[in-house]
Number of protein chains: 2
Amino acid sequence: MYHYEHPRPAVTIDLAAFMLSAGELRVLLIRRDAEPFAGEWTLPGGFVHSEESLEAACGRVLSAKARLERVYLEQLYTFGAPGRDPRDRVISVAYYAILAADQRYSGPGQWHDAQALPKLGFDHAEILSTALTRLRAKLTYSDIGFEFLPEEFTLGEAQRAWETILGRPLDKRNFRKSLLEKGRVQATGKKSRGGAHPPAMIYKLGEDQAQLST
Amino acid sequence: MYHYEHPRPAVTIDLAAFMLSAGELRVLLIRRDAEPFAGEWTLPGGFVHSEESLEAACGRVLSAKARLERVYLEQLYTFGAPGRDPRDRVISVAYYAILAADQRYSGPGQWHDAQALPKLGFDHAEILSTALTRLRAKLTYSDIGFEFLPEEFTLGEAQRAWETILGRPLDKRNFRKSLLEKGRVQATGKKSRGGAHPPAMIYKLGEDQAQLST
DNA sequence: ACAAAAGTGTTGCAAGTACACCCATGC
DNA sequence: GCATGGGTGTACTTGCAACACTTTTGT
């Protein structure tokens, strides 16, 4: 059975990279200039090389021209329906990534508001929808939301991040309670300066949680 | 970029098939007779053919010599670390399956108690551990447990199934309450006969839930 | 008679949700 | 002085967990 040697499907990764910017949840898209789907937008992706891990392929696709640290990466689902790429049998292992807000990305893609997406080629609308659903679900039962924030943040910044991702307002007192209880965040002692409002305590992710974001 | 044509990884599916039998949660394993891992047990698996879907590949692997209906199938995770198969780069899309208790399987594998597993070859212990974790988690927030049962069942049978899967006893009144509220199950009006105990009402999955098991 | 499973309600706790006001700062 | 966000506590509701006895049947 191992020596079955019919044509092999191609294996790619497709990556839904999220970032918060200007009060929007944005996702990185690339405009195709070749058929099929020329002129439409797609998720960045690429072939999985023979000797690299799936995560390494994601990193390669994402940071071809970028200087990135603090990138959260999680496998989403594998899309392998015959015909999803009209040229060849392509099995795509989809991942989603979160770039912290203080990162700088400078690559070929453009960042689009995830709430107002253009038409996407291939089955990438389905991939992105799956990613958004997963992301929003994990926001409530894990610490994944902190991946969007710089290492130090105020509770107001955190609440605005959560609200942007979920697309709905949250109650301030309940939100603060949920972050402060059980040491999910810890105060640094420093205070923010420089808004038309009182200084805010600066927090960082709690020590126990720092490596348990998923 | 599309015309990249280095060697392609092989794509396989690996399948963790579960079934309840004799009060045990059992999983289908195959004893390898060739290196690597000769003599060890592995999950059934096989190559993904060029023009079949991933689910079709699972079905082919599972039912080569079996007559099966009512098979629940769900994608689990994709395992693609270089070196996980020492012979070649193999990317495995792992699925798990649930066979209803009234099915008959007659294939090359053997059913093992999932609580007392032998040593497994490749990374199949990790795959199976992931599958068990997923299965147990979904038991509490979805209707996946009914996939183990025949179409009609008593609440006692259901409770014994849940307890076997979770490996711990459940409170009878709470269990019954959770199934009966919100129409998760509906009474058929029939009653079981033939144990040293009172007849039990026979239920089936509620109509709204019948197609919403995940 | 006895063993075995069917059937049946209430209480306590924890988690989540709703809700309003005063304060410190920058302009 | 006014606009902006920082900071704070309580009450209600809901879901989950603990807990014991009576009844019907088969042997």
# chains A, B, ... in the order shown; residues from 1 in each chain; ligands from 1
call {"tool": "select_by_dssp", "arguments": {"residues": "stretch 18-112 of chain A", "states": "helix (DSSP H, G or I)", "output": "ChimeraX atom specification"}}
result
/A:54-62
call {"tool": "residues_around", "arguments": {"residues": "C:DG9", "least_positions_apart": "6", "cutoff": "12 Å", "atoms": "only C-alpha atoms (C1' of nucleotides)", "output": "list in words"}}
result
Arg173, Asn174 and Lys177 of chain B; DC19, DA20 and DC21 of chain D
call {"tool": "write_last_selection", "arguments": {"atoms": "N, CA, C and O atoms (P, O5', C5', C4', C3', O3' and C1' of nucleotides)", "output": "mmCIF file, in the first residue's frame"}}
result
data_model
loop_
_atom_site.group_PDB
_atom_site.id
_atom_site.type_symbol
_atom_site.label_atom_id
_atom_site.label_comp_id
_atom_site.auth_asym_id
_atom_site.auth_seq_id
_atom_site.Cartn_x
_atom_site.Cartn_y
_atom_site.Cartn_z
ATOM 1 N N ARG B 173 -30.241 11.734 37.425
ATOM 2 C CA ARG B 173 -31.287 12.749 37.234
ATOM 3 C C ARG B 173 -30.807 13.923 36.393
ATOM 4 O O ARG B 173 -31.528 14.446 35.556
ATOM 5 N N ASN B 174 -29.563 14.331 36.615
ATOM 6 C CA ASN B 174 -29.038 15.440 35.802
ATOM 7 C C ASN B 174 -28.898 15.032 34.343
ATOM 8 O O ASN B 174 -29.202 15.817 33.439
ATOM 9 N N LYS B 177 -32.337 14.942 32.763
ATOM 10 C CA LYS B 177 -32.826 16.302 32.598
ATOM 11 C C LYS B 177 -32.194 16.946 31.367
ATOM 12 O O LYS B 177 -32.876 17.580 30.557
ATOM 13 P P DC D 19 -22.968 14.625 47.257
ATOM 14 O "O5'" DC D 19 -24.512 14.291 47.504
ATOM 15 C "C5'" DC D 19 -25.289 15.197 48.262
ATOM 16 C "C4'" DC D 19 -26.731 14.787 48.164
ATOM 17 C "C3'" DC D 19 -26.947 13.263 48.093
ATOM 18 O "O3'" DC D 19 -27.822 12.838 49.119
ATOM 19 C "C1'" DC D 19 -28.243 14.393 46.481
ATOM 20 P P DA D 20 -27.913 11.226 49.420
ATOM 21 O "O5'" DA D 20 -29.385 11.115 50.003
ATOM 22 C "C5'" DA D 20 -30.425 11.902 49.442
ATOM 23 C "C4'" DA D 20 -31.729 11.138 49.504
ATOM 24 C "C3'" DA D 20 -31.696 9.751 50.152
ATOM 25 O "O3'" DA D 20 -32.927 9.547 50.827
ATOM 26 C "C1'" DA D 20 -32.384 9.523 47.926
ATOM 27 P P DC D 21 -33.257 8.225 51.717
ATOM 28 O "O5'" DC D 21 -34.563 7.642 50.989
ATOM 29 C "C5'" DC D 21 -35.665 8.525 50.743
ATOM 30 C "C4'" DC D 21 -36.453 8.004 49.565
ATOM 31 C "C3'" DC D 21 -36.991 6.563 49.697
ATOM 32 O "O3'" DC D 21 -38.391 6.608 49.937
ATOM 33 C "C1'" DC D 21 -36.249 7.086 47.491
#
call {"tool": "closest_residue", "arguments": {"among": "B:Gln159, B:Gln115, B:Thr188, B:Thr140", "to": "chain D", "atoms": "only C-alpha atoms (C1' of nucleotides)"}}
result
B:Thr140
call {"tool": "residues_around", "arguments": {"residues": "A:Gln110", "least_positions_apart": "3", "cutoff": "9 Å", "atoms": "only C-alpha atoms (C1' of nucleotides)", "output": "list in words"}}
result
Val27, Leu28, Leu29, Ile30, Arg31 and Gly107 of chain A
call {"tool": "closest_atom_pairs", "arguments": {"of": "chain C", "to": "chain A", "cutoff": "9 Å", "atoms": "only C-alpha atoms (C1' of nucleotides)", "output": "Markdown table"}}
result
| residue | atom | partner | partner_atom | distance |
| --- | --- | --- | --- | --- |
| C:DG16 | C1' | A:Asn174 | CA | 8.8 |
| C:DT17 | C1' | A:Asn174 | CA | 8.2 |
| C:DA18 | C1' | A:Asp171 | CA | 8.8 |
| C:DC23 | C1' | A:Pro198 | CA | 7.9 |
| C:DA24 | C1' | A:Pro198 | CA | 4.2 |
| C:DT25 | C1' | A:His197 | CA | 4.3 |
| C:DG26 | C1' | A:Ala196 | CA | 4.2 |
| C:DC27 | C1' | A:Ala196 | CA | 7.7 |
call {"tool": "atom_distance", "arguments": {"atom1": "atom C1' of C:DT11", "atom2": "atom C1' of D:DT14"}}
result
14.8 Å
call {"tool": "interface_residues", "arguments": {"of": "chain A", "to": "chain B", "cutoff": "12 Å", "atoms": "only C-alpha atoms", "output": "VMD selection string"}}
result
chain A and resid 1 to 13 32 34 to 36 44 to 57 61 74 to 85 87 to 95
call {"tool": "closest_atom_pairs", "arguments": {"of": "chain D", "to": "chain A", "cutoff": "7 Å", "atoms": "only C-alpha atoms (C1' of nucleotides)", "output": "JSON lines"}}
result
{"residue": "D:DT4", "atom": "C1'", "partner": "A:His197", "partner_atom": "CA", "distance": 5.6}
{"residue": "D:DG5", "atom": "C1'", "partner": "A:His197", "partner_atom": "CA", "distance": 5.4}
{"residue": "D:DG6", "atom": "C1'", "partner": "A:Pro198", "partner_atom": "CA", "distance": 5.8}
call {"tool": "write_last_selection", "arguments": {"atoms": "N, CA, C and O atoms (P, O5', C5', C4', C3', O3' and C1' of nucleotides)", "output": "PDB file, in the first residue's frame"}}
result
ATOM      1  P    DT D   4     -16.089  63.818  23.079  1.00  0.00           P
ATOM      2  O5'  DT D   4     -15.023  63.011  23.930  1.00  0.00           O
ATOM      3  C5'  DT D   4     -13.622  63.283  23.747  1.00  0.00           C
ATOM      4  C4'  DT D   4     -12.837  62.416  24.704  1.00  0.00           C
ATOM      5  C3'  DT D   4     -13.362  60.983  24.802  1.00  0.00           C
ATOM      6  O3'  DT D   4     -12.300  60.093  24.518  1.00  0.00           O
ATOM      7  C1'  DT D   4     -13.014  61.910  26.953  1.00  0.00           C
ATOM      8  P    DG D   5     -12.595  58.578  23.904  1.00  0.00           P
ATOM      9  O5'  DG D   5     -12.320  57.640  25.162  1.00  0.00           O
ATOM     10  C5'  DG D   5     -10.965  57.425  25.504  1.00  0.00           C
ATOM     11  C4'  DG D   5     -10.840  57.351  26.992  1.00  0.00           C
ATOM     12  C3'  DG D   5     -11.216  55.980  27.575  1.00  0.00           C
ATOM     13  O3'  DG D   5     -10.061  55.424  28.172  1.00  0.00           O
ATOM     14  C1'  DG D   5     -12.090  57.779  28.854  1.00  0.00           C
ATOM     15  P    DG D   6     -10.017  54.273  29.237  1.00  0.00           P
ATOM     16  O5'  DG D   6     -10.023  55.094  30.608  1.00  0.00           O
ATOM     17  C5'  DG D   6      -8.851  55.744  31.036  1.00  0.00           C
ATOM     18  C4'  DG D   6      -8.763  55.748  32.552  1.00  0.00           C
ATOM     19  C3'  DG D   6      -8.830  54.363  33.183  1.00  0.00           C
ATOM     20  O3'  DG D   6      -7.946  54.306  34.293  1.00  0.00           O
ATOM     21  C1'  DG D   6     -10.737  55.659  33.841  1.00  0.00           C
TER      22       DG D   6
END
call {"tool": "residues_around", "arguments": {"residues": "A:Gly145", "least_positions_apart": "3", "cutoff": "8 Å", "atoms": "only C-alpha atoms (C1' of nucleotides)", "output": "PyMOL selection string"}}
result
chain A and resi 139+142+148-149+161-162
call {"tool": "write_last_selection", "arguments": {"atoms": "all heavy atoms", "output": "mmCIF file, in the first residue's frame"}}
result
data_model
loop_
_atom_site.group_PDB
_atom_site.id
_atom_site.type_symbol
_atom_site.label_atom_id
_atom_site.label_comp_id
_atom_site.auth_asym_id
_atom_site.auth_seq_id
_atom_site.Cartn_x
_atom_site.Cartn_y
_atom_site.Cartn_z
ATOM 1 N N LEU A 139 -12.143 33.937 21.587
ATOM 2 C CA LEU A 139 -11.989 35.173 22.334
ATOM 3 C C LEU A 139 -12.656 35.078 23.703
ATOM 4 O O LEU A 139 -12.200 35.706 24.659
ATOM 5 C CB LEU A 139 -12.616 36.316 21.529
ATOM 6 C CG LEU A 139 -12.111 37.714 21.813
ATOM 7 C CD1 LEU A 139 -10.627 37.809 21.547
ATOM 8 C CD2 LEU A 139 -12.851 38.712 20.938
ATOM 9 N N SER A 142 -10.632 31.766 25.865
ATOM 10 C CA SER A 142 -9.183 31.628 25.917
ATOM 11 C C SER A 142 -8.564 33.014 26.012
ATOM 12 O O SER A 142 -9.264 34.022 26.023
ATOM 13 C CB SER A 142 -8.664 30.908 24.677
ATOM 14 O OG SER A 142 -8.535 31.815 23.589
ATOM 15 N N PHE A 148 -3.469 40.132 19.936
ATOM 16 C CA PHE A 148 -3.641 41.340 19.136
ATOM 17 C C PHE A 148 -3.002 42.564 19.782
ATOM 18 O O PHE A 148 -2.831 43.590 19.116
ATOM 19 C CB PHE A 148 -5.141 41.643 18.944
ATOM 20 C CG PHE A 148 -5.837 40.736 17.984
ATOM 21 C CD1 PHE A 148 -6.498 39.595 18.432
ATOM 22 C CD2 PHE A 148 -5.848 41.021 16.628
ATOM 23 C CE1 PHE A 148 -7.148 38.758 17.532
ATOM 24 C CE2 PHE A 148 -6.506 40.192 15.735
ATOM 25 C CZ PHE A 148 -7.149 39.063 16.189
ATOM 26 N N LEU A 149 -2.719 42.485 21.050
ATOM 27 C CA LEU A 149 -2.268 43.659 21.800
ATOM 28 C C LEU A 149 -0.756 43.681 21.913
ATOM 29 O O LEU A 149 -0.101 42.646 21.851
ATOM 30 C CB LEU A 149 -2.871 43.625 23.207
ATOM 31 C CG LEU A 149 -4.390 43.673 23.293
ATOM 32 C CD1 LEU A 149 -4.837 43.551 24.740
ATOM 33 C CD2 LEU A 149 -4.922 44.960 22.684
ATOM 34 N N ALA A 161 -10.164 46.419 21.696
ATOM 35 C CA ALA A 161 -9.753 45.320 20.804
ATOM 36 C C ALA A 161 -10.830 44.244 20.750
ATOM 37 O O ALA A 161 -11.266 43.828 19.672
ATOM 38 C CB ALA A 161 -8.426 44.732 21.289
ATOM 39 N N TRP A 162 -11.293 43.812 21.910
ATOM 40 C CA TRP A 162 -12.323 42.768 21.951
ATOM 41 C C TRP A 162 -13.567 43.223 21.185
ATOM 42 O O TRP A 162 -14.155 42.465 20.422
ATOM 43 C CB TRP A 162 -12.702 42.471 23.397
ATOM 44 C CG TRP A 162 -12.054 41.289 24.051
ATOM 45 C CD1 TRP A 162 -12.687 40.180 24.542
ATOM 46 C CD2 TRP A 162 -10.652 41.097 24.353
ATOM 47 N NE1 TRP A 162 -11.762 39.329 25.111
ATOM 48 C CE2 TRP A 162 -10.519 39.856 25.009
ATOM 49 C CE3 TRP A 162 -9.507 41.852 24.124
ATOM 50 C CZ2 TRP A 162 -9.283 39.354 25.434
ATOM 51 C CZ3 TRP A 162 -8.289 41.364 24.543
ATOM 52 C CH2 TRP A 162 -8.181 40.124 25.185
#
call {"tool": "atom_distance", "arguments": {"atom1": "atom CA of A:Gly121", "atom2": "atom CA of A:Tyr96"}}
result
17.5 Å
call {"tool": "select_by_dssp", "arguments": {"residues": "chain A", "states": "strand (DSSP E or B)", "output": "PyMOL selection string"}}
result
chain A and resi 10-21+24-31+41-42+45-47+67+71-79+90-99+104+110-113+120+152-154+185-191+201-205
call {"tool": "write_last_selection", "arguments": {"atoms": "C-alpha atoms", "output": "PDB file, in the first residue's frame"}}
result
ATOM      1  CA  ALA A  10      -0.370  19.394  -4.356  1.00  0.00           C
ATOM      2  CA  VAL A  11      -0.232  20.534  -0.746  1.00  0.00           C
ATOM      3  CA  THR A  12      -0.423  24.198   0.077  1.00  0.00           C
ATOM      4  CA  ILE A  13      -1.116  26.313   3.087  1.00  0.00           C
ATOM      5  CA  ASP A  14      -3.568  29.201   3.019  1.00  0.00           C
ATOM      6  CA  LEU A  15      -3.231  31.796   5.679  1.00  0.00           C
ATOM      7  CA  ALA A  16      -5.801  34.145   7.162  1.00  0.00           C
ATOM      8  CA  ALA A  17      -3.682  36.796   8.887  1.00  0.00           C
ATOM      9  CA  PHE A  18      -5.528  39.145  11.226  1.00  0.00           C
ATOM     10  CA  MET A  19      -4.481  42.415  12.740  1.00  0.00           C
ATOM     11  CA  LEU A  20      -6.151  45.319  14.447  1.00  0.00           C
ATOM     12  CA  SER A  21      -5.647  48.669  12.826  1.00  0.00           C
ATOM     13  CA  GLU A  24     -10.911  47.695  12.399  1.00  0.00           C
ATOM     14  CA  LEU A  25     -10.238  43.978  12.339  1.00  0.00           C
ATOM     15  CA  ARG A  26      -8.229  43.574   9.181  1.00  0.00           C
ATOM     16  CA  VAL A  27      -7.195  40.559   7.165  1.00  0.00           C
ATOM     17  CA  LEU A  28      -4.365  40.297   4.681  1.00  0.00           C
ATOM     18  CA  LEU A  29      -5.439  39.681   1.077  1.00  0.00           C
ATOM     19  CA  ILE A  30      -3.589  39.450  -2.196  1.00  0.00           C
ATOM     20  CA  ARG A  31      -4.967  40.498  -5.542  1.00  0.00           C
ATOM     21  CA  TRP A  41      -8.707  38.752  -3.890  1.00  0.00           C
ATOM     22  CA  THR A  42      -7.324  35.658  -2.182  1.00  0.00           C
ATOM     23  CA  GLY A  45      -0.689  30.935   0.434  1.00  0.00           C
ATOM     24  CA  GLY A  46       2.018  28.764  -0.951  1.00  0.00           C
ATOM     25  CA  PHE A  47       3.270  25.280  -1.494  1.00  0.00           C
ATOM     26  CA  ARG A  67      10.000  41.695   9.873  1.00  0.00           C
ATOM     27  CA  VAL A  71       2.925  36.097  15.445  1.00  0.00           C
ATOM     28  CA  TYR A  72       0.337  33.704  16.770  1.00  0.00           C
ATOM     29  CA  LEU A  73      -0.351  30.786  14.449  1.00  0.00           C
ATOM     30  CA  GLU A  74      -2.991  28.100  14.708  1.00  0.00           C
ATOM     31  CA  GLN A  75      -4.158  25.419  12.333  1.00  0.00           C
ATOM     32  CA  LEU A  76      -7.724  25.930  11.243  1.00  0.00           C
ATOM     33  CA  TYR A  77      -8.937  23.197   8.922  1.00  0.00           C
ATOM     34  CA  THR A  78      -7.825  21.326   5.826  1.00  0.00           C
ATOM     35  CA  PHE A  79      -9.744  22.017   2.646  1.00  0.00           C
ATOM     36  CA  VAL A  90      -4.777  21.024  -4.332  1.00  0.00           C
ATOM     37  CA  ILE A  91      -5.150  20.234  -0.673  1.00  0.00           C
ATOM     38  CA  SER A  92      -4.794  23.321   1.473  1.00  0.00           C
ATOM     39  CA  VAL A  93      -4.058  23.247   5.151  1.00  0.00           C
ATOM     40  CA  ALA A  94      -5.537  26.523   6.335  1.00  0.00           C
ATOM     41  CA  TYR A  95      -4.015  28.408   9.247  1.00  0.00           C
ATOM     42  CA  TYR A  96      -4.888  31.668  10.820  1.00  0.00           C
ATOM     43  CA  ALA A  97      -2.410  34.127  12.220  1.00  0.00           C
ATOM     44  CA  ILE A  98      -2.639  37.066  14.564  1.00  0.00           C
ATOM     45  CA  LEU A  99      -0.146  39.891  14.349  1.00  0.00           C
ATOM     46  CA  ARG A 104       5.020  46.352  10.994  1.00  0.00           C
ATOM     47  CA  GLN A 110      -3.229  44.603   1.455  1.00  0.00           C
ATOM     48  CA  TRP A 111      -5.132  44.741   4.686  1.00  0.00           C
ATOM     49  CA  HIS A 112      -8.912  44.682   4.352  1.00  0.00           C
ATOM     50  CA  ASP A 113     -11.636  45.300   6.870  1.00  0.00           C
ATOM     51  CA  LEU A 120     -12.739  36.234  -2.822  1.00  0.00           C
ATOM     52  CA  GLU A 152       1.697  46.124  27.732  1.00  0.00           C
ATOM     53  CA  PHE A 153      -1.738  47.616  27.432  1.00  0.00           C
ATOM     54  CA  THR A 154      -4.480  49.337  29.357  1.00  0.00           C
ATOM     55  CA  VAL A 185      -3.641  40.091  33.623  1.00  0.00           C
ATOM     56  CA  GLN A 186      -1.292  41.705  36.104  1.00  0.00           C
ATOM     57  CA  ALA A 187      -0.640  45.370  36.755  1.00  0.00           C
ATOM     58  CA  THR A 188       2.798  46.655  35.873  1.00  0.00           C
ATOM     59  CA  GLY A 189       2.532  49.627  38.222  1.00  0.00           C
ATOM     60  CA  LYS A 190       3.082  52.015  35.345  1.00  0.00           C
ATOM     61  CA  LYS A 191       0.414  54.441  34.209  1.00  0.00           C
ATOM     62  CA  MET A 201      -2.990  51.512  34.769  1.00  0.00           C
ATOM     63  CA  ILE A 202      -0.848  49.511  32.355  1.00  0.00           C
ATOM     64  CA  TYR A 203      -1.206  45.746  32.493  1.00  0.00           C
ATOM     65  CA  LYS A 204       0.521  42.771  30.972  1.00  0.00           C
ATOM     66  CA  LEU A 205      -0.628  39.184  30.502  1.00  0.00           C
TER      67      LEU A 205
END
